[in-house]
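Next comes structure15.cif, a file with mmCIF, C-alpha atoms.
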data_input
#
loop_
_atom_site.label_atom_id
_atom_site.label_comp_id
_atom_site.auth_asym_id
_atom_site.auth_seq_id
_atom_site.Cartn_x
_atom_site.Cartn_y
_atom_site.Cartn_z
CA MET A 10 20.72 -20.39 -9.36
CA ASN A 11 17.95 -21.58 -7.04
CA ARG A 12 15.60 -19.21 -5.22
CA GLN A 13 17.38 -19.51 -1.86
CA MET A 14 20.77 -18.63 -3.35
CA LYS A 15 19.32 -15.66 -5.24
CA LEU A 16 17.59 -14.39 -2.15
CA ALA A 17 20.76 -14.76 -0.09
CA SER A 18 22.77 -12.77 -2.63
CA VAL A 19 20.17 -10.01 -2.75
CA ILE A 20 20.01 -9.79 1.04
CA LEU A 21 23.82 -9.67 1.18
CA VAL A 22 23.86 -6.70 -1.21
CA ALA A 23 21.17 -4.95 0.80
CA THR A 24 22.99 -5.63 4.06
CA LEU A 25 26.29 -4.26 2.79
CA VAL A 26 24.63 -1.09 1.53
CA LEU A 27 22.48 -0.59 4.59
CA GLY A 28 25.39 -1.28 6.91
CA ALA A 29 26.48 2.29 6.45
CA CYS A 30 23.15 3.61 7.71
CA GLY A 31 24.50 4.64 11.08
CA LYS A 32 27.26 6.82 9.66
CA ASN A 33 26.86 10.56 9.90
CA ASN A 34 27.11 12.06 6.45
CA ASP A 35 26.38 15.60 7.58
CA SER A 36 29.16 18.04 6.76
CA GLU A 37 29.91 21.56 7.98
CA PRO A 38 31.14 24.44 5.82
CA ALA A 39 34.86 25.08 5.98
CA ALA A 40 36.10 27.83 8.27
CA GLY A 41 35.85 31.23 6.66
CA THR A 42 33.27 30.08 4.14
CA ALA A 43 30.04 32.04 4.11
CA SER A 44 26.83 30.04 4.30
CA SER A 45 24.64 30.21 1.21
CA SER A 46 21.53 28.90 2.99
CA PRO A 47 18.48 31.16 2.75
CA SER A 48 17.35 32.99 5.87
CA ALA A 49 14.28 31.90 7.80
CA SER A 50 12.30 34.83 6.39
CA GLN A 51 13.34 33.97 2.84
CA GLN A 52 12.31 30.33 3.37
CA SER A 53 8.96 31.46 4.75
CA GLU A 54 8.32 33.71 1.76
CA ALA A 55 9.24 30.93 -0.68
CA SER A 56 7.03 28.49 1.17
CA GLY A 57 4.12 30.91 1.09
CA GLY A 58 4.52 31.40 -2.65
CA ASP A 59 4.66 27.66 -3.24
CA THR A 60 1.58 27.10 -1.09
CA SER A 61 -0.40 29.61 -3.14
CA ALA A 62 0.70 27.97 -6.39
CA ILE A 63 -0.20 24.55 -4.98
CA GLN A 64 -3.69 25.70 -4.05
CA GLN A 65 -4.22 27.15 -7.53
CA GLY A 66 -2.90 24.01 -9.19
CA THR A 67 -5.04 21.78 -6.99
CA ALA A 68 -8.17 23.80 -7.72
CA LYS A 69 -7.50 23.40 -11.44
CA LEU A 70 -6.89 19.69 -11.00
CA GLN A 71 -10.17 19.31 -9.15
CA GLU A 72 -11.98 21.01 -12.03
CA GLU A 73 -10.37 18.68 -14.56
CA THR A 74 -11.18 15.65 -12.41
CA ALA A 75 -14.81 16.76 -12.16
CA LYS A 76 -14.93 16.92 -15.97
CA LEU A 77 -13.41 13.43 -16.05
CA GLN A 78 -16.13 12.14 -13.74
CA GLU A 79 -18.78 13.57 -16.06
CA ALA A 80 -17.12 11.90 -19.06
CA ILE A 81 -16.98 8.60 -17.17
CA ASP A 82 -20.70 8.81 -16.35
CA LYS A 83 -21.41 9.44 -20.05
CA LYS A 84 -19.00 6.61 -21.01
CA ASP A 85 -17.27 8.98 -23.41
CA ALA A 86 -14.02 7.08 -24.01
CA ASP A 87 -12.37 9.75 -26.17
CA GLU A 88 -13.05 12.49 -23.62
CA VAL A 89 -11.85 10.25 -20.77
CA LYS A 90 -8.55 9.68 -22.57
CA ARG A 91 -8.14 13.38 -23.34
CA LEU A 92 -8.83 14.37 -19.75
CA GLY A 93 -6.52 11.65 -18.44
CA LYS A 94 -3.65 13.32 -20.30
CA SER A 95 -4.82 16.80 -19.28
CA ILE A 96 -4.94 15.82 -15.61
CA ASN A 97 -1.43 14.39 -15.81
CA GLU A 98 -0.09 17.58 -17.41
CA ALA A 99 -1.75 19.70 -14.72
CA TRP A 100 -0.27 17.52 -11.98
CA LEU A 101 3.23 17.53 -13.46
CA ALA A 102 3.18 21.33 -13.51
CA TYR A 103 3.36 21.56 -9.72
CA GLU A 104 3.93 18.09 -8.23
CA ASN A 105 7.53 18.87 -7.22
CA SER A 106 6.34 21.66 -4.93
CA VAL A 107 3.74 19.34 -3.43
CA ARG A 108 6.34 16.65 -2.80
CA GLN A 109 8.50 19.14 -0.89
CA LEU A 110 5.83 20.83 1.24
CA PHE A 111 3.09 18.20 1.56
CA PRO A 112 4.72 14.77 1.06
CA ILE A 113 1.94 12.80 2.76
CA GLU A 114 -0.75 14.32 0.57
CA TYR A 115 1.55 13.95 -2.45
CA THR A 116 1.61 10.17 -2.05
CA GLU A 117 -2.19 10.01 -2.02
CA VAL A 118 -2.62 12.12 -5.16
CA GLU A 119 0.12 10.19 -6.95
CA LYS A 120 -1.55 6.90 -6.04
CA TYR A 121 -4.73 7.80 -7.95
CA GLU A 122 -3.47 10.19 -10.63
CA LEU A 123 -1.12 7.72 -12.29
CA PRO A 124 -3.77 5.02 -13.00
CA ILE A 125 -5.97 7.69 -14.59
CA PHE A 126 -3.13 8.81 -16.84
CA SER A 127 -2.24 5.20 -17.70
CA ALA A 128 -5.83 4.52 -18.72
CA SER A 129 -5.61 7.31 -21.29
CA ALA A 130 -3.29 5.09 -23.33
CA TYR A 131 -5.56 2.03 -23.29
CA ASP A 132 -7.66 1.08 -26.28
CA LYS A 133 -10.47 -0.04 -23.99
CA VAL A 134 -11.58 2.06 -21.01
CA ASP A 135 -12.68 0.38 -17.77
CA PHE A 136 -15.29 2.95 -16.77
CA ASP A 137 -16.25 1.23 -13.50
CA ALA A 138 -12.67 1.08 -12.22
CA LEU A 139 -11.94 4.65 -13.34
CA LYS A 140 -15.04 5.96 -11.60
CA VAL A 141 -13.78 4.65 -8.26
CA THR A 142 -10.26 5.97 -8.90
CA ALA A 143 -11.54 9.43 -9.88
CA GLU A 144 -13.62 9.62 -6.70
CA LYS A 145 -10.57 8.75 -4.61
CA LEU A 146 -8.50 11.32 -6.48
CA GLN A 147 -11.03 14.01 -5.61
CA VAL A 148 -10.79 13.05 -1.93
CA ALA A 149 -6.98 13.20 -2.11
CA LEU A 150 -7.11 16.61 -3.81
CA THR A 151 -9.45 17.97 -1.14
CA SER A 152 -6.98 16.82 1.52
CA LEU A 153 -4.17 18.52 -0.37
CA LEU A 154 -6.14 21.75 -0.66
CA ASN A 155 -6.52 21.84 3.13
CA ALA A 156 -3.05 20.49 3.98
CA LYS A 157 -0.62 21.93 6.50
CA GLU A 158 3.15 21.80 6.01
CA THR A 159 4.75 18.59 7.27
CA THR A 160 6.91 19.11 10.35
CA GLY A 161 8.75 16.80 12.71
CA SER A 162 12.12 15.17 13.26
CA THR A 163 13.52 12.60 10.85
CA SER A 164 12.83 9.81 13.33
CA GLU A 165 9.20 10.92 13.64
CA LEU A 166 8.87 11.07 9.87
CA LEU A 167 10.31 7.56 9.50
CA THR A 168 7.95 6.23 12.16
CA LYS A 169 5.09 7.65 10.11
CA ALA A 170 6.61 6.11 6.97
CA VAL A 171 6.60 2.67 8.56
CA ALA A 172 2.96 3.09 9.60
CA ASN A 173 1.97 4.16 6.08
CA TYR A 174 3.80 1.24 4.51
CA LYS A 175 2.17 -1.18 6.95
CA VAL A 176 -1.24 0.02 5.77
CA TYR A 177 -0.16 -0.54 2.16
CA VAL A 178 1.05 -4.08 2.90
CA GLU A 179 -2.19 -5.00 4.63
CA GLU A 180 -4.24 -3.61 1.73
CA GLN A 181 -2.24 -5.66 -0.77
CA ALA A 182 -2.64 -8.82 1.31
CA ASP A 183 -6.40 -8.26 1.54
CA ASN A 184 -6.65 -7.75 -2.22
CA LEU A 185 -4.48 -10.81 -2.82
CA VAL A 186 -6.99 -13.00 -1.00
CA ILE A 187 -9.95 -11.45 -2.82
CA GLN A 188 -8.42 -11.80 -6.29
CA THR A 189 -7.00 -15.27 -5.60
CA LYS A 190 -10.48 -16.50 -4.74
CA VAL A 191 -11.76 -15.19 -8.08
CA PHE A 192 -8.91 -16.98 -9.86
CA VAL A 193 -9.49 -20.20 -7.92
CA GLU A 194 -13.22 -20.17 -8.65
CA ALA A 195 -12.43 -20.18 -12.36
CA VAL A 196 -9.90 -23.00 -11.92
CA LYS A 197 -12.35 -25.17 -9.98
CA ALA A 198 -15.08 -24.46 -12.52
CA GLY A 199 -12.78 -25.71 -15.27
CA ASP A 200 -12.97 -22.34 -17.03
CA ALA A 201 -9.40 -22.13 -18.34
CA GLU A 202 -9.88 -18.93 -20.33
CA LYS A 203 -11.27 -17.01 -17.37
CA ALA A 204 -8.57 -18.47 -15.11
CA LYS A 205 -5.88 -17.23 -17.50
CA LEU A 206 -7.36 -13.72 -17.34
CA GLU A 207 -7.58 -13.75 -13.54
CA TYR A 208 -4.14 -15.27 -12.90
CA PRO A 209 -2.05 -12.10 -13.50
CA LYS A 210 -4.57 -9.99 -11.58
CA ALA A 211 -3.94 -12.05 -8.46
CA ARG A 212 -0.19 -12.19 -9.04
CA VAL A 213 0.06 -8.38 -8.91
CA PHE A 214 -0.86 -8.22 -5.23
CA PHE A 215 1.61 -10.93 -4.27
CA GLU A 216 4.48 -9.41 -6.25
CA ASN A 217 3.85 -6.02 -4.63
CA ILE A 218 4.72 -7.42 -1.21
CA GLU A 219 6.87 -10.45 -2.05
CA PRO A 220 9.68 -9.62 0.46
CA ILE A 221 7.08 -9.62 3.25
CA ALA A 222 5.89 -13.10 2.23
CA GLU A 223 9.48 -14.33 2.10
CA SER A 224 9.92 -13.40 5.76
CA PHE A 225 7.40 -16.06 6.82
CA GLY A 226 9.47 -19.23 6.37
CA ASP A 227 7.91 -21.80 4.07
CA LEU A 228 4.82 -19.71 3.30
CA ASP A 229 6.46 -18.02 0.31
CA PRO A 230 7.49 -21.28 -1.45
CA ARG A 231 4.03 -22.73 -0.81
CA ILE A 232 2.56 -19.77 -2.69
CA ASP A 233 5.25 -18.88 -5.23
CA ALA A 234 7.65 -21.79 -5.82
CA ARG A 235 8.53 -22.66 -9.41
CA LEU A 236 9.02 -26.24 -10.57
CA ALA A 237 12.78 -25.63 -10.63
CA ASP A 238 12.65 -24.73 -6.92
CA VAL A 239 11.32 -28.10 -5.70
CA GLU A 240 13.02 -31.49 -5.53
CA ASP A 241 9.80 -33.51 -5.52
CA GLU A 242 7.12 -32.34 -7.94
CA SER A 243 4.42 -34.05 -5.88
CA THR A 244 5.00 -31.48 -3.11
CA TRP A 245 4.74 -28.52 -5.48
CA THR A 246 1.89 -26.09 -4.74
CA GLY A 247 0.97 -22.48 -5.40
CA PHE A 248 0.42 -20.12 -8.29
CA HIS A 249 2.99 -21.64 -10.62
CA ARG A 250 1.57 -25.17 -10.18
CA LEU A 251 -1.69 -23.84 -11.57
CA GLU A 252 0.13 -21.74 -14.17
CA LYS A 253 1.69 -24.91 -15.60
CA ALA A 254 -1.68 -26.64 -15.70
CA LEU A 255 -3.22 -23.73 -17.59
CA TRP A 256 -0.53 -22.90 -20.15
CA SER A 257 1.56 -26.06 -20.48
CA ASP A 258 -0.58 -29.06 -19.58
CA ASN A 259 -3.73 -27.42 -20.99
CA SER A 260 -5.77 -29.28 -18.40
CA LEU A 261 -7.24 -28.36 -15.01
CA GLU A 262 -8.00 -31.94 -14.07
CA GLY A 263 -6.99 -32.64 -10.48
CA MET A 264 -6.19 -29.00 -9.75
CA GLU A 265 -8.95 -28.45 -7.19
CA LYS A 266 -6.77 -29.40 -4.22
CA TYR A 267 -4.00 -27.03 -5.32
CA ALA A 268 -6.53 -24.26 -5.85
CA ASP A 269 -8.01 -24.72 -2.37
CA GLN A 270 -4.55 -24.82 -0.80
CA LEU A 271 -3.59 -21.57 -2.55
CA VAL A 272 -6.56 -19.80 -0.97
CA LYS A 273 -5.61 -21.15 2.47
CA ASP A 274 -2.01 -20.03 2.04
CA THR A 275 -2.91 -16.52 0.91
CA GLU A 276 -5.33 -16.23 3.83
CA GLU A 277 -2.50 -17.26 6.16
CA LEU A 278 -0.32 -14.55 4.64
CA GLN A 279 -3.13 -12.04 5.11
CA SER A 280 -3.34 -12.97 8.78
CA LYS A 281 0.40 -12.84 9.40
CA VAL A 282 1.03 -9.43 7.84
CA LYS A 283 -1.29 -7.89 10.41
CA THR A 284 1.16 -8.87 13.16
CA ILE A 285 4.46 -8.14 11.44
CA GLU A 286 6.67 -5.42 12.90
CA LEU A 287 8.45 -3.32 10.28
CA GLU A 288 11.29 -0.83 10.47
CA PRO A 289 12.79 1.55 7.88
CA LYS A 290 15.91 -0.47 7.06
CA ALA A 291 13.84 -3.57 6.34
CA MET A 292 11.50 -1.55 4.13
CA VAL A 293 14.34 -0.23 1.98
CA ALA A 294 16.06 -3.63 1.88
CA GLY A 295 12.79 -5.15 0.71
CA ALA A 296 12.40 -2.56 -2.04
CA MET A 297 15.96 -3.22 -3.20
CA GLU A 298 15.29 -6.95 -3.12
CA LEU A 299 12.25 -6.55 -5.36
CA LEU A 300 14.21 -4.52 -7.89
CA ASN A 301 17.40 -6.57 -7.80
CA GLU A 302 15.59 -9.85 -8.26
CA ALA A 303 13.64 -8.37 -11.17
CA ALA A 304 16.77 -6.97 -12.86
CA ILE A 305 19.01 -9.99 -12.29
CA SER A 306 16.94 -13.16 -12.32
CA LYS A 307 13.32 -12.49 -13.27
CA ILE A 308 14.48 -10.62 -16.36
CA THR A 309 15.37 -14.00 -17.89
CA GLY A 310 11.69 -14.97 -17.98
CA GLU A 311 12.15 -17.72 -15.42
CA GLU A 312 9.36 -16.55 -13.10
CA GLU A 313 6.39 -16.91 -15.48
CA ILE A 314 7.91 -19.55 -17.73
CA TYR A 315 4.56 -20.92 -18.93
CA SER A 316 2.29 -17.85 -19.07
CA HIS A 317 4.94 -15.26 -20.09
CA THR A 318 3.18 -12.68 -17.91
CA ASP A 319 6.55 -11.46 -16.59
CA LEU A 320 5.84 -7.81 -17.38
CA VAL A 321 2.97 -7.92 -14.89
CA ASP A 322 5.43 -9.09 -12.24
CA PHE A 323 7.97 -6.39 -13.13
CA ALA A 324 5.36 -3.65 -12.92
CA ALA A 325 4.16 -4.99 -9.57
CA ASN A 326 7.72 -5.13 -8.23
CA VAL A 327 8.23 -1.52 -9.29
CA ASP A 328 4.93 -0.49 -7.67
CA GLY A 329 5.89 -2.29 -4.47
CA SER A 330 9.21 -0.47 -4.37
CA LYS A 331 7.55 2.84 -5.17
CA SER A 332 5.28 2.40 -2.16
CA VAL A 333 8.41 2.41 0.02
CA TYR A 334 9.74 5.50 -1.77
CA LEU A 335 6.44 7.33 -1.32
CA ALA A 336 6.39 6.41 2.37
CA ILE A 337 9.85 7.84 3.05
CA ILE A 338 9.45 11.06 1.00
CA PRO A 339 9.03 13.25 4.12
CA ALA A 340 12.37 11.99 5.47
CA LEU A 341 14.00 12.37 2.05
CA ASN A 342 12.81 15.96 1.88
CA GLU A 343 14.47 16.58 5.23
CA LYS A 344 17.78 14.85 4.50
CA ASN A 345 18.29 14.47 0.74
CA PRO A 346 15.71 16.23 -1.48
CA ASP A 347 17.90 15.85 -4.58
CA LEU A 348 17.78 12.07 -4.23
CA GLY A 349 14.01 12.26 -3.97
CA THR A 350 13.89 14.13 -7.27
CA GLN A 351 16.16 11.57 -8.94
CA LEU A 352 14.02 8.70 -7.67
CA ASP A 353 10.86 10.38 -8.88
CA GLN A 354 12.33 10.82 -12.37
CA GLN A 355 13.62 7.23 -12.52
CA PHE A 356 10.30 5.77 -11.43
CA LEU A 357 8.52 7.84 -14.10
CA LEU A 358 11.01 6.71 -16.76
CA LEU A 359 10.65 3.03 -15.90
CA GLU A 360 6.87 3.24 -15.64
CA GLU A 361 6.75 4.88 -19.08
CA THR A 362 8.92 2.12 -20.54
CA LEU A 363 6.71 -0.61 -19.10
CA ARG A 364 3.56 1.22 -20.21
CA GLY A 365 4.92 1.10 -23.75
CA HIS A 366 4.48 -2.67 -23.71
CA LYS A 367 0.74 -2.52 -23.05
CA THR A 368 -2.01 -3.05 -25.59
CA THR A 369 -5.74 -2.82 -24.80
CA GLY A 370 -4.83 -2.29 -21.16
CA HIS A 371 -2.79 -5.50 -20.85
CA TYR A 372 0.93 -6.21 -21.00
CA VAL A 373 2.12 -8.10 -24.06
CA SER A 374 3.52 -11.60 -23.71
CA TYR A 375 7.10 -11.41 -22.47
CA ASP A 376 8.37 -13.68 -25.24
CA LYS A 377 7.35 -11.00 -27.76
CA LEU A 378 10.00 -8.54 -26.50
CA THR A 379 13.32 -8.16 -28.28
CA ALA A 380 16.66 -8.61 -26.53
CA GLU A 381 17.20 -4.85 -26.71
CA GLN A 382 13.85 -4.13 -25.08
CA ILE A 383 14.58 -6.59 -22.28
CA ARG A 384 18.04 -5.10 -21.74
CA LEU A 385 16.56 -1.59 -21.47
CA ILE A 386 14.10 -2.72 -18.79
CA SER A 387 16.88 -4.48 -16.88
CA ASP A 388 19.14 -1.41 -17.03
CA GLN A 389 16.40 0.94 -15.86
CA ILE A 390 15.44 -1.35 -12.97
CA SER A 391 19.11 -1.63 -11.95
CA GLN A 392 19.48 2.17 -11.98
CA LEU A 393 16.38 2.48 -9.83
CA SER A 394 17.73 -0.11 -7.38
CA ASN A 395 20.98 1.83 -7.11
CA LEU A 396 19.10 5.02 -6.28
CA MET A 397 16.95 3.22 -3.71
CA SER A 398 20.10 1.93 -2.02
CA GLN A 399 21.19 5.53 -1.46
CA THR A 400 18.15 6.17 0.74
CA ALA A 401 20.06 4.22 3.40
CA SER A 402 21.78 7.51 4.24
CA ILE A 403 18.60 8.90 5.81
CA LEU A 404 17.84 5.90 8.02
#
What does this structure look like when you write it as structure tokens?
Amino acid sequence: MNRQMKLASVILVATLVLGACGKNNDSEPAAGTASSSPSASQQSEASGGDTSAIQQGTAKLQEETAKLQEAIDKKDADEVKRLGKSINEAWLAYENSVRQLFPIEYTEVEKYELPIFSASAYDKVDFDALKVTAEKLQVALTSLLNAKETTGSTSELLTKAVANYKVYVEEQADNLVIQTKVFVEAVKAGDAEKAKLEYPKARVFFENIEPIAESFGDLDPRIDARLADVEDESTWTGFHRLEKALWSDNSLEGMEKYADQLVKDTEELQSKVKTIELEPKAMVAGAMELLNEAAISKITGEEEIYSHTDLVDFAANVDGSKSVYLAIIPALNEKNPDLGTQLDQQFLLLEETLRGHKTTGHYVSYDKLTAEQIRLISDQISQLSNLMSQTASIL
């Protein structure tokens, strides 16, 4: 199936699911049935108790993060790994309460806590990267410590969600340009080994926001087309043109023009995302598209057919979808908190599965996975996509 047909089928699924968005799913208790909802005073007392526990948990997390920063400065890898696990355990102990009462601050802590925990499983520690992440985590924790309960109507919360997601998209586009230039420099220098290392790093930022790129006409195929997507190979450009040169042709001769064009195309994407107008339905449809395409077509290994870096793409697709989930948490808390809990658990499960295929901080080659391992990833992505589709009820 070519890319256009796959995209059409994914959009059709998203459209059918999201078509029910306008329906009112609210129900009233039957006549004569007593309400079991807590009183306003009971809710206030519960909230106050949760707030106190959150402040205590955050203070503890700040202490652990400060210890982590000291270990990073000393380049003590063993202590960094131990504290990475300790920080994760401390966060898991109260994150559900944070998600309910302070969803905006929750997304910021989650953004920086998870990379620290992931690093605890790596053989090699990137101290420079972790130092920056730990600093940002401390800032996020300070904001959480001083946070006020989120209030506002669902429409106001969704407007904020769109704004938050727009910031995320712009950040990813900026990073895409930066990392693509590093990759291209290696290609033009004829340094194949360095180019192979930088290739997946650049791909991450594109895969995080792929549905956004696909909304700009021929810009997506110029950046991301595979050989199977084009009729005339002489017109083929983008990441996969260079991927083939690196892993299949084993030669970078004549690749300078494709490298330069890739930079121009990613810069064009960077410029266009600053003007795009988003809305909640499109955000959720895009998240579903990322997951569906990963579970149905990318799972075959067709995307990175030469480099076998497919797991990098999967993880980026999941991260891109999670950014949508994190953005709409305030609205989920208002309308369907149980769904928010299910999504949180499914994201954690899938992230843990993908993390299991990392060695020395890098994903293993996709062709090393067994059929059973691939099937498990596909099933978990499909389950996550199904849960994401249910968020349509809050839009």
* Expansion of the PyMOL selection byres ((chain A and resi 69-82) around 7) into residues, as an NGL selection string -> :A and (65-68 or 83-85 or 88-89 or 92 or 96 or 99 or 136 or 140 or 143 or 147 or 150)
* **Neighbour list for Lys307 in chain A as a ChimeraX atom specification, cut-off 12 Å, all atoms listed in the file, skip fewer than 2 positions in-chain** => /A:10-12,15,216,235,298-305,309-314,317-324,326,375,383,386-387,390
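Put simply, CA of Gln109 in chain A is 25.1 Å away from CA of Leu287 in chain A.
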* To do: Excluding range 180-195 of chain A and any residue of its chain fewer than 6 positions from it, enumerate the residues within 12 Å of it, using all atoms listed in the file, and give them as a ChimeraX atom specification.
  => /A:173-174,201-219,221-222,232,247-248,251-252,255,261,264-283,325,328-329,332
Using the chain letters and residue numbers of this document, give as an mmCIF file with C-alpha atoms, in the coordinates of the input the residues selected by the PyMOL selection byres ((chain A and resi 60-63) around 10).
data_model
loop_
_atom_site.group_PDB
_atom_site.id
_atom_site.type_symbol
_atom_site.label_atom_id
_atom_site.label_comp_id
_atom_site.auth_asym_id
_atom_site.auth_seq_id
_atom_site.Cartn_x
_atom_site.Cartn_y
_atom_site.Cartn_z
ATOM 1 C CA GLU A 54 8.320 33.710 1.760
ATOM 2 C CA ALA A 55 9.240 30.930 -0.680
ATOM 3 C CA SER A 56 7.030 28.490 1.170
ATOM 4 C CA GLY A 57 4.120 30.910 1.090
ATOM 5 C CA GLY A 58 4.520 31.400 -2.650
ATOM 6 C CA ASP A 59 4.660 27.660 -3.240
ATOM 7 C CA GLN A 64 -3.690 25.700 -4.050
ATOM 8 C CA GLN A 65 -4.220 27.150 -7.530
ATOM 9 C CA GLY A 66 -2.900 24.010 -9.190
ATOM 10 C CA THR A 67 -5.040 21.780 -6.990
ATOM 11 C CA ALA A 68 -8.170 23.800 -7.720
ATOM 12 C CA LYS A 69 -7.500 23.400 -11.440
ATOM 13 C CA TRP A 100 -0.270 17.520 -11.980
ATOM 14 C CA ALA A 102 3.180 21.330 -13.510
ATOM 15 C CA TYR A 103 3.360 21.560 -9.720
ATOM 16 C CA GLU A 104 3.930 18.090 -8.230
ATOM 17 C CA ASN A 105 7.530 18.870 -7.220
ATOM 18 C CA SER A 106 6.340 21.660 -4.930
ATOM 19 C CA VAL A 107 3.740 19.340 -3.430
ATOM 20 C CA LEU A 110 5.830 20.830 1.240
ATOM 21 C CA PHE A 111 3.090 18.200 1.560
ATOM 22 C CA LEU A 153 -4.170 18.520 -0.370
ATOM 23 C CA LEU A 154 -6.140 21.750 -0.660
ATOM 24 C CA ALA A 156 -3.050 20.490 3.980
ATOM 25 C CA LYS A 157 -0.620 21.930 6.500
ATOM 26 C CA GLU A 158 3.150 21.800 6.010
#
* Structure fact -> Pairwise distance, CA of Gly93 in chain A with CA of Asp135 in chain A, equals 12.9 Å
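Take CA of Asp137 in chain A and CA of Asn155 in chain A: the distance between them is 28.2 Å.
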* Can you list what the PyMOL selection byres ((chain A and resi 116-124) around 6) grabs from this structure, as a PyMOL selection string? -> chain A and resi 113-115+125-127+142+146+149+335
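In terms of minimum interatomic distance to Ser398 in chain A, A:Leu352 ranks closest within A:Ala128, A:Val327, A:Leu352, A:Val141, counting all atoms listed in the file.
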* Counting all atoms listed in the file, which residues come within 10 Å of (7.1, 4.0, -13.5), with the point read in the file's coordinates, and could you list them as number ranges by chain? -> A: 123, 324, 327-328, 331, 353-364, 390
* Which of A:Val176, A:Leu393, A:Leu341, A:Ala237 sits closest to Ser164 in chain A [using all atoms listed in the file] -> A:Leu341
Show me, as lines of an AutoDock Vina configuration file, the centre and edge lengths in Å to one decimal of the axis-aligned box that covers every listed atom of range 66-84 of chain A with 3 Å on each side.
center_x = -12.2
center_y = 15.3
center_z = -14.0
size_x = 24.5
size_y = 23.4
size_z = 20.0
